[in-house]
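J.: Just one file: target33.cif, with mmCIF, C-alpha atoms.
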```
data_entry
loop_
_atom_site.label_atom_id
_atom_site.label_comp_id
_atom_site.auth_asym_id
_atom_site.auth_seq_id
_atom_site.Cartn_x
_atom_site.Cartn_y
_atom_site.Cartn_z
CA MET A 1 93.21 52.62 98.33
CA ARG A 2 96.02 54.25 96.37
CA ALA A 3 94.63 57.71 97.17
CA LEU A 4 94.71 56.89 100.88
CA ARG A 5 98.18 55.35 100.73
CA GLU A 6 99.55 58.42 98.94
CA ARG A 7 97.50 60.79 101.10
CA ASP A 8 95.86 62.17 97.98
CA PHE A 9 93.16 64.13 99.76
CA THR A 10 92.09 65.79 96.54
CA THR A 11 90.71 62.41 95.48
CA VAL A 12 89.51 61.49 98.98
CA PHE A 13 87.53 64.73 99.42
CA ALA A 14 86.14 64.58 95.89
CA MET A 15 84.92 61.02 96.46
CA ALA A 16 83.34 61.99 99.78
CA HIS A 17 81.62 64.91 98.08
CA ASP A 18 80.35 62.66 95.29
CA ALA A 19 78.93 60.38 97.97
CA GLY A 20 76.79 63.26 99.23
CA ILE A 21 78.98 64.72 101.98
CA SER A 22 79.23 68.48 101.54
CA PHE A 23 82.52 70.32 101.88
CA ASN A 24 81.06 72.11 104.90
CA ARG A 25 80.34 68.76 106.59
CA ILE A 26 83.85 67.55 105.78
CA ALA A 27 85.31 70.78 107.13
CA GLU A 28 83.26 70.56 110.33
CA ALA A 29 84.18 66.93 110.90
CA CYS A 30 87.89 67.51 110.26
CA ALA A 31 88.18 70.89 112.05
CA LEU A 32 89.20 72.60 108.79
CA LYS A 33 87.93 75.72 107.09
CA SER A 34 85.41 74.90 104.37
CA GLU A 35 87.35 77.03 101.89
CA ARG A 36 90.49 75.00 102.63
CA VAL A 37 88.56 71.75 102.05
CA SER A 38 87.26 73.10 98.75
CA GLN A 39 90.78 74.07 97.65
CA ILE A 40 92.11 70.61 98.53
CA ALA A 41 89.27 68.93 96.62
CA ARG A 42 90.06 71.07 93.55
CA GLY A 43 93.77 70.31 93.77
CA ALA A 44 94.58 73.96 94.53
CA ALA A 45 96.07 73.07 97.94
CA ALA A 46 97.87 70.07 99.39
CA VAL A 47 97.84 68.43 102.83
CA THR A 48 101.34 67.91 104.21
CA ALA A 49 101.11 68.62 107.93
CA LEU A 50 100.86 65.44 110.01
CA ALA A 51 98.40 67.04 112.43
CA THR A 52 96.06 67.82 109.54
CA VAL A 53 96.29 64.25 108.23
CA GLU A 54 95.36 62.97 111.68
CA ARG A 55 92.38 65.34 111.92
CA ILE A 56 91.11 64.16 108.54
CA ALA A 57 91.55 60.52 109.55
CA GLY A 58 89.50 61.11 112.69
CA GLY A 59 86.87 63.25 111.01
CA LEU A 60 86.21 60.88 108.12
CA ARG A 61 86.78 57.73 110.17
CA ILE A 62 89.62 56.52 107.97
CA PRO A 63 91.59 53.76 109.72
CA GLY A 64 95.03 55.06 110.58
CA ALA A 65 96.80 52.14 108.93
CA LEU A 66 95.44 53.20 105.54
CA LEU A 67 97.20 56.54 105.90
CA GLY A 68 100.40 55.26 107.45
CA LEU A 69 99.30 56.42 110.93
CA ALA A 70 98.89 54.68 114.23
CA ALA A 71 95.46 53.19 114.94
CA GLN A 72 92.93 55.90 115.75
CA PRO A 73 91.23 55.84 119.19
CA TRP A 74 87.86 54.96 117.64
CA GLU A 75 89.15 51.94 115.70
CA ASP A 76 88.35 48.38 116.63
CA THR A 77 91.87 47.13 117.01
CA ALA A 78 90.65 43.55 117.30
CA VAL A 79 89.44 43.74 113.71
CA LEU A 80 92.36 45.69 112.30
CA SER A 81 95.17 43.60 113.68
CA THR A 82 96.00 40.23 112.20
CA GLU A 83 97.75 39.19 115.39
CA SER A 84 95.59 40.53 118.22
CA HIS A 85 94.19 37.66 120.34
CA HIS A 86 95.66 35.16 117.90
CA GLY A 87 99.39 35.29 118.52
CA ASP A 88 101.29 33.88 115.58
CA ASP A 89 98.72 31.20 114.67
CA PRO A 90 98.64 31.24 110.83
CA MET A 91 95.29 29.42 110.69
CA LYS A 92 93.53 31.91 112.96
CA ARG A 93 95.09 34.81 111.06
CA ARG A 94 93.96 33.27 107.75
CA ASN A 95 90.39 32.88 109.04
CA LEU A 96 90.37 36.46 110.30
CA LEU A 97 91.46 37.74 106.89
CA ARG A 98 88.92 35.56 105.08
CA GLY A 99 86.17 36.87 107.32
CA ALA A 100 87.22 40.46 106.82
CA LEU A 101 87.38 40.00 103.05
CA ALA A 102 84.09 38.13 102.73
CA ALA A 103 82.20 41.40 102.20
CA GLY A 104 84.71 42.62 99.61
CA LEU A 105 87.40 45.28 99.81
CA THR A 106 85.70 47.24 102.55
CA ALA A 107 87.57 49.67 104.78
CA PRO A 108 88.08 47.10 107.59
CA ALA A 109 89.26 44.51 105.06
CA LEU A 110 91.74 46.92 103.49
CA ALA A 111 92.91 47.93 106.95
CA ALA A 112 93.55 44.27 107.82
CA LEU A 113 95.61 43.86 104.65
CA THR A 114 97.56 47.02 105.44
CA ALA A 115 98.21 45.85 108.97
CA ALA A 116 99.61 42.58 107.62
CA ARG A 117 101.89 44.46 105.24
CA THR A 118 103.12 46.95 107.83
CA ASP A 119 103.91 44.16 110.30
CA VAL A 120 106.60 42.98 107.88
CA ASP A 121 107.38 46.38 106.35
CA GLN A 122 108.42 47.79 109.72
CA THR A 123 111.13 45.13 110.02
CA LEU A 124 112.71 46.11 106.70
CA SER A 125 115.32 48.82 106.11
CA PRO A 126 114.15 52.38 106.74
CA ASP A 127 112.47 53.94 103.73
CA ILE A 128 112.09 57.54 102.67
CA PRO A 129 109.64 59.26 105.07
CA GLN A 130 106.21 59.39 103.50
CA ASP A 131 105.88 63.09 104.35
CA LEU A 132 109.00 64.00 102.36
CA ALA A 133 107.45 63.60 98.93
CA ASP A 134 104.45 65.64 100.08
CA LEU A 135 106.71 68.40 101.37
CA GLU A 136 108.76 68.47 98.17
CA ALA A 137 105.56 68.72 96.15
CA ALA A 138 104.32 71.49 98.44
CA ALA A 139 107.58 73.43 97.94
CA GLU A 140 107.17 73.10 94.19
CA CYS A 141 103.58 74.40 94.40
CA TYR A 142 104.59 77.40 96.52
CA GLY A 143 107.23 78.21 93.90
CA TYR A 144 104.46 79.31 91.53
CA GLY A 145 103.94 82.42 93.64
CA TYR A 146 100.84 84.11 94.94
CA HIS A 147 98.30 83.00 92.32
CA GLY A 148 96.14 85.99 93.19
CA GLN A 149 96.19 85.22 96.93
CA GLN A 150 97.19 87.88 99.43
CA PRO A 151 100.81 87.51 100.59
CA THR A 152 99.79 87.06 104.22
CA ARG A 153 97.67 84.03 103.31
CA VAL A 154 100.51 82.42 101.37
CA LEU A 155 102.83 83.17 104.29
CA ALA A 156 100.57 81.37 106.77
CA ASP A 157 100.39 78.25 104.60
CA LEU A 158 104.12 78.25 103.89
CA VAL A 159 105.15 78.50 107.53
CA THR A 160 102.64 75.84 108.56
CA ASP A 161 104.09 73.36 106.09
CA PHE A 162 107.66 74.41 106.94
CA THR A 163 107.13 73.40 110.57
CA THR A 164 106.20 69.90 109.38
CA LEU A 165 109.87 69.40 108.52
CA ARG A 166 111.01 69.60 112.15
CA PRO A 167 110.11 66.09 113.32
CA LEU A 168 111.71 64.63 110.19
CA LEU A 169 114.94 66.58 110.74
CA THR A 170 115.23 65.66 114.43
CA VAL A 171 115.54 61.90 113.85
CA PRO A 172 118.44 60.09 112.17
CA GLN A 173 117.96 59.73 108.41
CA PRO A 174 120.08 58.19 105.64
CA ALA A 175 122.37 60.85 104.13
CA PRO A 176 120.46 61.17 100.81
CA VAL A 177 117.16 61.58 102.68
CA ARG A 178 118.70 64.16 105.02
CA ALA A 179 119.95 66.09 101.99
CA ARG A 180 116.47 66.12 100.44
CA LEU A 181 114.91 67.28 103.71
CA CYS A 182 117.44 70.11 104.00
CA ARG A 183 116.83 71.08 100.39
CA ALA A 184 113.06 71.30 100.99
CA ALA A 185 113.74 73.30 104.17
CA GLY A 186 115.99 75.69 102.25
CA GLN A 187 113.41 76.20 99.52
CA MET A 188 110.53 76.79 101.95
CA ALA A 189 112.55 79.09 104.22
CA GLY A 190 113.74 81.03 101.17
CA MET A 191 110.21 81.46 99.83
CA THR A 192 108.99 82.53 103.27
CA ALA A 193 111.72 85.16 103.23
CA ILE A 194 110.54 86.32 99.77
CA VAL A 195 106.99 86.88 101.04
CA LEU A 196 108.26 88.72 104.12
CA HIS A 197 110.42 90.89 101.84
CA ASP A 198 107.40 91.69 99.68
CA LEU A 199 105.46 92.65 102.80
CA GLY A 200 108.23 95.01 103.90
CA SER A 201 109.43 93.02 106.93
CA ARG A 202 113.15 93.28 106.21
CA ARG A 203 114.51 92.00 109.51
CA GLU A 204 112.35 88.90 109.52
CA SER A 205 113.11 88.32 105.84
CA ARG A 206 116.86 88.34 106.50
CA ALA A 207 116.43 85.92 109.41
CA TRP A 208 114.55 83.47 107.19
CA PHE A 209 117.15 83.84 104.44
CA ALA A 210 119.83 82.96 107.03
CA THR A 211 117.93 79.78 107.89
CA ALA A 212 117.51 79.02 104.19
CA ALA A 213 121.26 79.47 103.63
CA ARG A 214 122.11 77.06 106.47
CA ALA A 215 119.69 74.46 105.10
CA ALA A 216 121.05 74.91 101.56
CA THR A 217 124.63 74.49 102.79
CA GLU A 218 123.74 71.29 104.66
CA SER A 219 121.91 69.94 101.62
CA GLY A 220 125.09 70.25 99.56
CA ASP A 221 123.15 72.00 96.77
CA ASP A 222 125.35 74.92 95.63
CA GLN A 223 122.73 76.18 93.19
CA LEU A 224 120.13 76.39 95.95
CA HIS A 225 122.65 78.26 98.11
CA ALA A 226 123.36 80.68 95.24
CA TRP A 227 119.60 81.17 94.73
CA VAL A 228 119.17 82.01 98.44
CA LEU A 229 122.01 84.55 98.33
CA ALA A 230 120.68 86.19 95.14
CA ARG A 231 117.18 86.40 96.56
CA GLU A 232 118.53 87.79 99.84
CA ALA A 233 120.36 90.47 97.86
CA MET A 234 116.97 91.79 96.77
CA VAL A 235 116.20 92.88 100.35
CA PRO A 236 118.87 95.60 100.52
CA LEU A 237 118.39 96.20 96.78
CA ASN A 238 114.75 97.18 97.22
CA TYR A 239 115.13 98.96 100.55
CA GLY A 240 117.90 101.46 99.97
CA ALA A 241 121.24 99.63 100.38
CA PRO A 242 122.53 98.91 96.84
CA LYS A 243 126.16 98.34 97.90
CA ALA A 244 125.14 95.59 100.34
CA ALA A 245 122.94 94.15 97.60
CA ALA A 246 125.85 94.10 95.13
CA ASP A 247 128.08 92.32 97.68
CA LEU A 248 125.47 89.58 98.24
CA ALA A 249 124.80 89.25 94.52
CA ASP A 250 128.55 88.86 93.87
CA GLN A 251 128.67 86.08 96.49
CA ALA A 252 125.75 84.42 94.73
CA ARG A 253 127.54 84.64 91.37
CA GLN A 254 130.66 83.04 92.82
CA THR A 255 128.64 80.27 94.46
CA ALA A 256 126.65 79.57 91.29
CA GLY A 257 129.75 79.31 89.10
CA SER A 258 129.92 79.83 85.37
CA ARG A 259 127.35 77.22 84.27
CA PRO A 260 124.06 78.57 82.86
CA THR A 261 121.70 77.90 85.77
CA ALA A 262 118.66 79.70 87.08
CA ALA A 263 120.62 80.87 90.13
CA ALA A 264 123.49 82.16 87.99
CA VAL A 265 121.21 84.24 85.75
CA LEU A 266 119.29 85.59 88.74
CA ALA A 267 122.51 86.57 90.53
CA ALA A 268 123.84 88.44 87.48
CA ALA A 269 120.52 90.26 86.94
CA VAL A 270 120.28 91.29 90.61
CA ALA A 271 123.92 92.45 90.53
CA ALA A 272 123.13 94.62 87.48
CA ARG A 273 120.22 96.27 89.31
CA ALA A 274 122.37 96.87 92.40
CA TYR A 275 125.19 98.43 90.36
CA ALA A 276 122.70 100.65 88.54
CA LEU A 277 121.23 101.90 91.82
CA ASN A 278 124.78 102.50 93.10
CA HIS A 279 125.54 104.68 90.02
CA GLN A 280 128.05 102.14 88.67
CA SER A 281 126.74 102.20 85.11
CA GLU A 282 129.62 100.37 83.46
CA GLN A 283 129.50 97.48 85.96
CA ALA A 284 125.72 97.36 85.61
CA ARG A 285 125.87 96.99 81.83
CA THR A 286 128.59 94.34 82.12
CA ALA A 287 126.41 92.36 84.54
CA LEU A 288 123.42 92.76 82.22
CA ALA A 289 125.45 91.38 79.31
CA SER A 290 126.44 88.41 81.48
CA ALA A 291 122.82 87.83 82.54
CA ASN A 292 121.67 87.88 78.91
CA ALA A 293 124.44 85.49 77.84
CA LEU A 294 123.55 83.04 80.62
CA MET A 295 119.84 83.36 79.84
CA ASN A 296 120.46 82.45 76.20
CA ARG A 297 122.14 79.20 77.31
CA LEU A 298 119.76 78.36 80.17
CA PRO A 299 118.37 74.79 79.86
CA GLU A 300 114.67 74.58 79.09
CA GLY A 301 114.00 72.76 82.36
CA GLU A 302 115.04 75.83 84.37
CA ARG A 303 113.01 78.35 82.36
CA SER A 304 109.60 77.92 83.99
CA ASN A 305 108.04 80.92 85.68
CA THR A 306 108.45 80.10 89.37
CA TRP A 307 110.29 81.55 92.34
CA LEU A 308 112.76 78.66 92.20
CA THR A 309 113.52 78.81 88.47
CA TYR A 310 114.13 81.67 86.00
CA GLY A 311 111.86 82.25 83.03
CA GLU A 312 111.73 84.92 80.37
CA GLN A 313 109.05 86.86 82.26
CA LYS A 314 111.24 87.12 85.35
CA HIS A 315 114.24 88.11 83.24
CA HIS A 316 112.37 91.04 81.72
CA VAL A 317 111.11 92.14 85.14
CA HIS A 318 114.75 92.47 86.26
CA LEU A 319 115.76 94.13 82.98
CA SER A 320 112.89 96.60 83.34
CA HIS A 321 114.13 97.83 86.70
CA ALA A 322 117.80 97.86 85.68
CA PHE A 323 117.22 99.83 82.48
CA THR A 324 114.77 102.17 84.23
CA THR A 325 117.38 102.92 86.88
CA LEU A 326 120.04 103.48 84.20
CA GLY A 327 117.71 105.89 82.42
CA ASP A 328 117.63 103.73 79.29
CA THR A 329 113.88 104.20 78.93
CA ARG A 330 113.60 102.73 75.42
CA ARG A 331 115.00 99.35 76.46
CA ALA A 332 113.18 99.54 79.80
CA ARG A 333 109.83 99.96 78.02
CA GLU A 334 110.61 97.04 75.72
CA SER A 335 111.20 94.80 78.74
CA GLN A 336 108.10 96.16 80.53
CA GLN A 337 105.91 95.36 77.55
CA ARG A 338 107.33 91.86 77.18
CA ALA A 339 107.10 91.13 80.91
CA LEU A 340 103.46 92.25 81.01
CA GLU A 341 102.67 90.04 78.01
CA LEU A 342 104.14 87.05 79.88
CA SER A 343 102.64 87.85 83.31
CA ALA A 344 99.43 86.16 84.35
CA PRO A 345 96.51 88.44 85.28
CA THR A 346 96.83 87.09 88.84
CA SER A 347 100.45 88.31 89.11
CA THR A 348 99.18 91.37 90.93
CA MET A 349 102.38 92.54 92.59
CA THR A 350 104.65 91.95 89.58
CA ARG A 351 102.33 93.80 87.21
CA THR A 352 102.07 96.73 89.62
CA LEU A 353 105.86 97.00 89.91
CA LEU A 354 106.13 97.02 86.12
CA HIS A 355 103.56 99.85 85.94
CA ILE A 356 105.59 101.82 88.50
CA ASP A 357 108.74 101.22 86.43
CA ALA A 358 106.85 102.62 83.41
CA ALA A 359 105.88 105.65 85.48
CA ALA A 360 109.52 106.12 86.48
CA CYS A 361 110.44 106.07 82.77
CA ALA A 362 107.98 108.90 82.22
CA HIS A 363 109.72 110.85 85.00
CA HIS A 364 113.14 110.17 83.43
CA ASP A 365 111.79 111.50 80.14
CA GLY A 366 110.66 114.74 81.80
CA ASP A 367 106.95 114.15 82.45
CA SER A 368 106.69 113.97 86.24
CA GLU A 369 102.96 114.73 86.21
CA GLN A 370 102.25 111.64 84.09
CA ALA A 371 104.62 109.63 86.30
CA CYS A 372 102.61 110.57 89.40
CA ARG A 373 99.25 109.85 87.79
CA ARG A 374 100.36 106.45 86.52
CA THR A 375 101.76 105.52 89.94
CA ILE A 376 98.53 106.60 91.66
CA ALA A 377 96.52 104.50 89.21
CA ALA A 378 98.74 101.47 89.86
CA LEU A 379 98.46 101.82 93.65
CA THR A 380 94.72 102.49 93.84
CA ALA A 381 93.99 99.49 91.60
CA LEU A 382 95.63 97.22 94.18
CA PRO A 383 93.67 95.26 96.82
CA HIS A 384 94.40 96.70 100.27
CA GLY A 385 96.62 93.78 101.31
CA TYR A 386 99.14 94.60 98.57
CA ARG A 387 99.59 98.32 99.29
CA THR A 388 102.50 97.87 101.68
CA GLY A 389 106.07 96.66 101.59
CA LEU A 390 107.84 96.48 98.26
CA VAL A 391 105.13 98.15 96.15
CA HIS A 392 104.86 101.07 98.58
CA ARG A 393 108.64 101.43 98.71
CA ARG A 394 109.01 101.47 94.91
CA ALA A 395 106.30 104.14 94.61
CA ARG A 396 107.91 106.21 97.35
CA ASP A 397 111.28 105.99 95.56
CA LEU A 398 109.63 107.57 92.52
CA TYR A 399 108.06 110.32 94.64
CA GLU A 400 111.39 111.10 96.29
CA ALA A 401 113.13 111.27 92.90
CA ILE A 402 110.93 114.25 91.94
CA PRO A 403 112.76 117.52 92.77
CA ALA A 404 111.41 119.35 95.81
CA GLU A 405 110.45 122.43 93.80
CA HIS A 406 107.75 120.32 92.08
CA HIS A 407 106.23 118.96 95.29
CA HIS A 408 103.59 121.73 95.35
CA GLU A 409 102.13 120.54 92.04
CA ARG A 410 98.72 118.88 92.23
CA ALA A 411 99.72 115.48 90.80
CA VAL A 412 102.76 115.23 93.10
CA GLN A 413 100.65 116.14 96.12
CA ALA A 414 98.06 113.54 95.11
CA LEU A 415 100.76 110.85 95.00
CA ARG A 416 102.03 111.95 98.42
CA ASP A 417 98.50 111.64 99.82
CA VAL A 418 98.04 108.15 98.39
CA LEU A 419 101.37 107.06 99.89
CA ALA A 420 100.38 108.48 103.26
CA ALA A 421 96.98 106.75 103.29
#
```
Kindly transcribe the structure held in the file into structure tokens.
T.:
Amino acid sequence: MRALRERDFTTVFAMAHDAGISFNRIAEACALKSERVSQIARGAAAVTALATVERIAGGLRIPGALLGLAAQPWEDTAVLSTESHHGDDPMKRRNLLRGALAAGLTAPALAALTAARTDVDQTLSPDIPQDLADLEAAAECYGYGYHGQQPTRVLADLVTDFTTLRPLLTVPQPAPVRARLCRAAGQMAGMTAIVLHDLGSRRESRAWFATAARAATESGDDQLHAWVLAREAMVPLNYGAPKAAADLADQARQTAGSRPTAAAVLAAAVAARAYALNHQSEQARTALASANALMNRLPEGERSNTWLTYGEQKHHVHLSHAFTTLGDTRRARESQQRALELSAPTSTMTRTLLHIDAAACAHHDGDSEQACRRTIAALTALPHGYRTGLVHRRARDLYEAIPAEHHHERAVQALRDVLAA
């Protein structure tokens, strides 16, 4: 009952499977992909979209009242309602409930109890929408990144759940609930923009960041707004406009303030990278010192390794690129090694970018042939879906940094061919 009330479909699907219903049968009945059903049953995916909840209710014949939905077309409303055909007669309602409960806590009996509760519950003050907690949990899950999934797959799931926010935002809500909805919208829009950035779709990424910024502003969460600005700065940073990136990063730093927060550290680190790319070495090192100082004071609760927080692994990823760009290859390699130690094997894109940074260090130190070979190895080890966007751009930046008089060399030509493939 609790699993149904909380729409815990991990438990619901697992119980159905234990009862002898295969995931394929569940998928067929609910019009879902069998892989998606399997992920939900394992707890690797969550159900937040209302349309999906309704399909599951219909497919598994779960009375709508148990899931906080309207009665499904197939339900026997005479059994589920405590008032139907009986008006307000307490004795008739009591007999109906006794009859429904005579066989124990069966689905019809539980539905009758739920109907009795909701009859009164609907007359009480508005509560937090049931979908909100699911959406907040979904945003938190997406914050853990790709988990070995291709970016396009994560993008599809993110946008699907993001659209679930619309009906909740179009009806009047108490101010605290509205703020939470806008915060979830800002997080999801921002993470959608991150994936689009990684895929190389700069224009769409900026549009989603603009939506995320509006949602963050309406939520009243300055740290979320600063996070959006700092993340947006990484679009021009990684695609050839370091001055624009520095301007956005500076806005993020001002919005975040001087407190040690995840957004403040991120903004300082991104600013350092932008300054380094813009050949402003002194400003870059000053920003790096600020990022390190903030990182040392960052509360433990904000140090997890997610898109929405700022852990040690992420810090060293930023330091790697900043020091590589500055030509400080010793410190860059130290950060690369530490970041790789902290990166999960499934962090495919991050690990590849670190390998390309290491190749760029080899080029800085005068070994362009090794730089090309290491970049080729990093690119060819990638699944096809990752060989575009940010990774491709970073590898091309290395190729273009090699003087033209070396472009006839075999290793340089091999890198050019891989980039052209």
J.: Run through the PyMOL selection byres ((chain A and resi 3-13) around 12) on the given coordinates and return the selected residues as a PDB file with C-alpha atoms, in the coordinates of the input.
T.:
```pdb
ATOM      1  CA  MET A   1      93.210  52.620  98.330  1.00  0.00           C
ATOM      2  CA  ARG A   2      96.020  54.250  96.370  1.00  0.00           C
ATOM      3  CA  ALA A  14      86.140  64.580  95.890  1.00  0.00           C
ATOM      4  CA  MET A  15      84.920  61.020  96.460  1.00  0.00           C
ATOM      5  CA  ALA A  16      83.340  61.990  99.780  1.00  0.00           C
ATOM      6  CA  HIS A  17      81.620  64.910  98.080  1.00  0.00           C
ATOM      7  CA  ASP A  18      80.350  62.660  95.290  1.00  0.00           C
ATOM      8  CA  ALA A  19      78.930  60.380  97.970  1.00  0.00           C
ATOM      9  CA  GLY A  20      76.790  63.260  99.230  1.00  0.00           C
ATOM     10  CA  ILE A  21      78.980  64.720 101.980  1.00  0.00           C
ATOM     11  CA  SER A  22      79.230  68.480 101.540  1.00  0.00           C
ATOM     12  CA  PHE A  23      82.520  70.320 101.880  1.00  0.00           C
ATOM     13  CA  ASN A  24      81.060  72.110 104.900  1.00  0.00           C
ATOM     14  CA  ARG A  25      80.340  68.760 106.590  1.00  0.00           C
ATOM     15  CA  ILE A  26      83.850  67.550 105.780  1.00  0.00           C
ATOM     16  CA  ALA A  27      85.310  70.780 107.130  1.00  0.00           C
ATOM     17  CA  CYS A  30      87.890  67.510 110.260  1.00  0.00           C
ATOM     18  CA  SER A  34      85.410  74.900 104.370  1.00  0.00           C
ATOM     19  CA  ARG A  36      90.490  75.000 102.630  1.00  0.00           C
ATOM     20  CA  VAL A  37      88.560  71.750 102.050  1.00  0.00           C
ATOM     21  CA  SER A  38      87.260  73.100  98.750  1.00  0.00           C
ATOM     22  CA  GLN A  39      90.780  74.070  97.650  1.00  0.00           C
ATOM     23  CA  ILE A  40      92.110  70.610  98.530  1.00  0.00           C
ATOM     24  CA  ALA A  41      89.270  68.930  96.620  1.00  0.00           C
ATOM     25  CA  ARG A  42      90.060  71.070  93.550  1.00  0.00           C
ATOM     26  CA  GLY A  43      93.770  70.310  93.770  1.00  0.00           C
ATOM     27  CA  ALA A  44      94.580  73.960  94.530  1.00  0.00           C
ATOM     28  CA  ALA A  45      96.070  73.070  97.940  1.00  0.00           C
ATOM     29  CA  ALA A  46      97.870  70.070  99.390  1.00  0.00           C
ATOM     30  CA  VAL A  47      97.840  68.430 102.830  1.00  0.00           C
ATOM     31  CA  THR A  48     101.340  67.910 104.210  1.00  0.00           C
ATOM     32  CA  ALA A  49     101.110  68.620 107.930  1.00  0.00           C
ATOM     33  CA  LEU A  50     100.860  65.440 110.010  1.00  0.00           C
ATOM     34  CA  THR A  52      96.060  67.820 109.540  1.00  0.00           C
ATOM     35  CA  VAL A  53      96.290  64.250 108.230  1.00  0.00           C
ATOM     36  CA  GLU A  54      95.360  62.970 111.680  1.00  0.00           C
ATOM     37  CA  ILE A  56      91.110  64.160 108.540  1.00  0.00           C
ATOM     38  CA  ALA A  57      91.550  60.520 109.550  1.00  0.00           C
ATOM     39  CA  GLY A  59      86.870  63.250 111.010  1.00  0.00           C
ATOM     40  CA  LEU A  60      86.210  60.880 108.120  1.00  0.00           C
ATOM     41  CA  ILE A  62      89.620  56.520 107.970  1.00  0.00           C
ATOM     42  CA  PRO A  63      91.590  53.760 109.720  1.00  0.00           C
ATOM     43  CA  GLY A  64      95.030  55.060 110.580  1.00  0.00           C
ATOM     44  CA  ALA A  65      96.800  52.140 108.930  1.00  0.00           C
ATOM     45  CA  LEU A  66      95.440  53.200 105.540  1.00  0.00           C
ATOM     46  CA  LEU A  67      97.200  56.540 105.900  1.00  0.00           C
ATOM     47  CA  GLY A  68     100.400  55.260 107.450  1.00  0.00           C
ATOM     48  CA  LEU A  69      99.300  56.420 110.930  1.00  0.00           C
ATOM     49  CA  ALA A 107      87.570  49.670 104.780  1.00  0.00           C
ATOM     50  CA  LEU A 110      91.740  46.920 103.490  1.00  0.00           C
ATOM     51  CA  ALA A 111      92.910  47.930 106.950  1.00  0.00           C
ATOM     52  CA  THR A 114      97.560  47.020 105.440  1.00  0.00           C
ATOM     53  CA  PRO A 129     109.640  59.260 105.070  1.00  0.00           C
ATOM     54  CA  GLN A 130     106.210  59.390 103.500  1.00  0.00           C
ATOM     55  CA  ASP A 131     105.880  63.090 104.350  1.00  0.00           C
ATOM     56  CA  LEU A 132     109.000  64.000 102.360  1.00  0.00           C
ATOM     57  CA  ALA A 133     107.450  63.600  98.930  1.00  0.00           C
ATOM     58  CA  ASP A 134     104.450  65.640 100.080  1.00  0.00           C
ATOM     59  CA  LEU A 135     106.710  68.400 101.370  1.00  0.00           C
ATOM     60  CA  ALA A 137     105.560  68.720  96.150  1.00  0.00           C
TER      61      ALA A 137
END
```
J.: Report the distance between atom CA of Arg166 of chain A and atom CA of Ser201 of chain A in Å, rounded to one decimal place.
T.: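 Separation of atom CA of Arg166 of chain A and atom CA of Ser201 of chain A: 24.0 Å.
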J.: If I take atom CA of Ala210 of chain A and atom CA of Thr160 of chain A, how far is one from the other in Å, to one decimal?
T.: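 Taking atom CA of Ala210 of chain A and atom CA of Thr160 of chain A, their separation equals 18.7 Å.
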J.: Evaluate the PyMOL selection byres ((chain A and resi 384) around 12) and record the selected residues as a list in words, following the chain and residue labels used in the document.
T.: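 Checking the PyMOL selection byres ((chain A and resi 384) around 12) against this file, the residues are Gln150, Pro151, Thr152, Thr348, Met349, Leu379, Thr380, Ala381, Leu382, Pro383, Gly385, Tyr386, Arg387, Thr388, Gly389, Val391, His392 and Ala421 of chain A.
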J.: Give as a list in words each residue that has an atom at most 12 Å from (105.5, 78.7, 108.9) in the file, counting only C-alpha atoms.
T.: Ala49, Thr152, Arg153, Val154, Leu155, Ala156, Asp157, Leu158, Val159, Thr160, Asp161, Phe162, Thr163, Thr164, Leu165, Arg166, Ala185, Met188, Ala189, Gly190, Met191, Thr192, Ala193, Val195, Leu196 and Trp208 of chain A
J.: Rounded to one decimal in Å, what is the spacing between atom CA of Ala401 of chain A and atom CA of Asp367 of chain A?
T.: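 Straight-line distance from atom CA of Ala401 of chain A to atom CA of Asp367 of chain A works out to 12.5 Å.
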J.: Counting all atoms listed in the file, which of A:Ala289, A:Leu308, A:Leu419, A:Leu353 gets nearest to Leu390 of chain A?
T.: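 Looking at the shortest contact to Leu390 of chain A, the residue is A:Leu353.
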J.: Any chance you could resolve the PyMOL selection byres ((chain A and resi 293) around 12) against this file and give the residues as a ChimeraX atom specification?
T.: /A:258-261,264-265,268-269,286-292,294-298,315
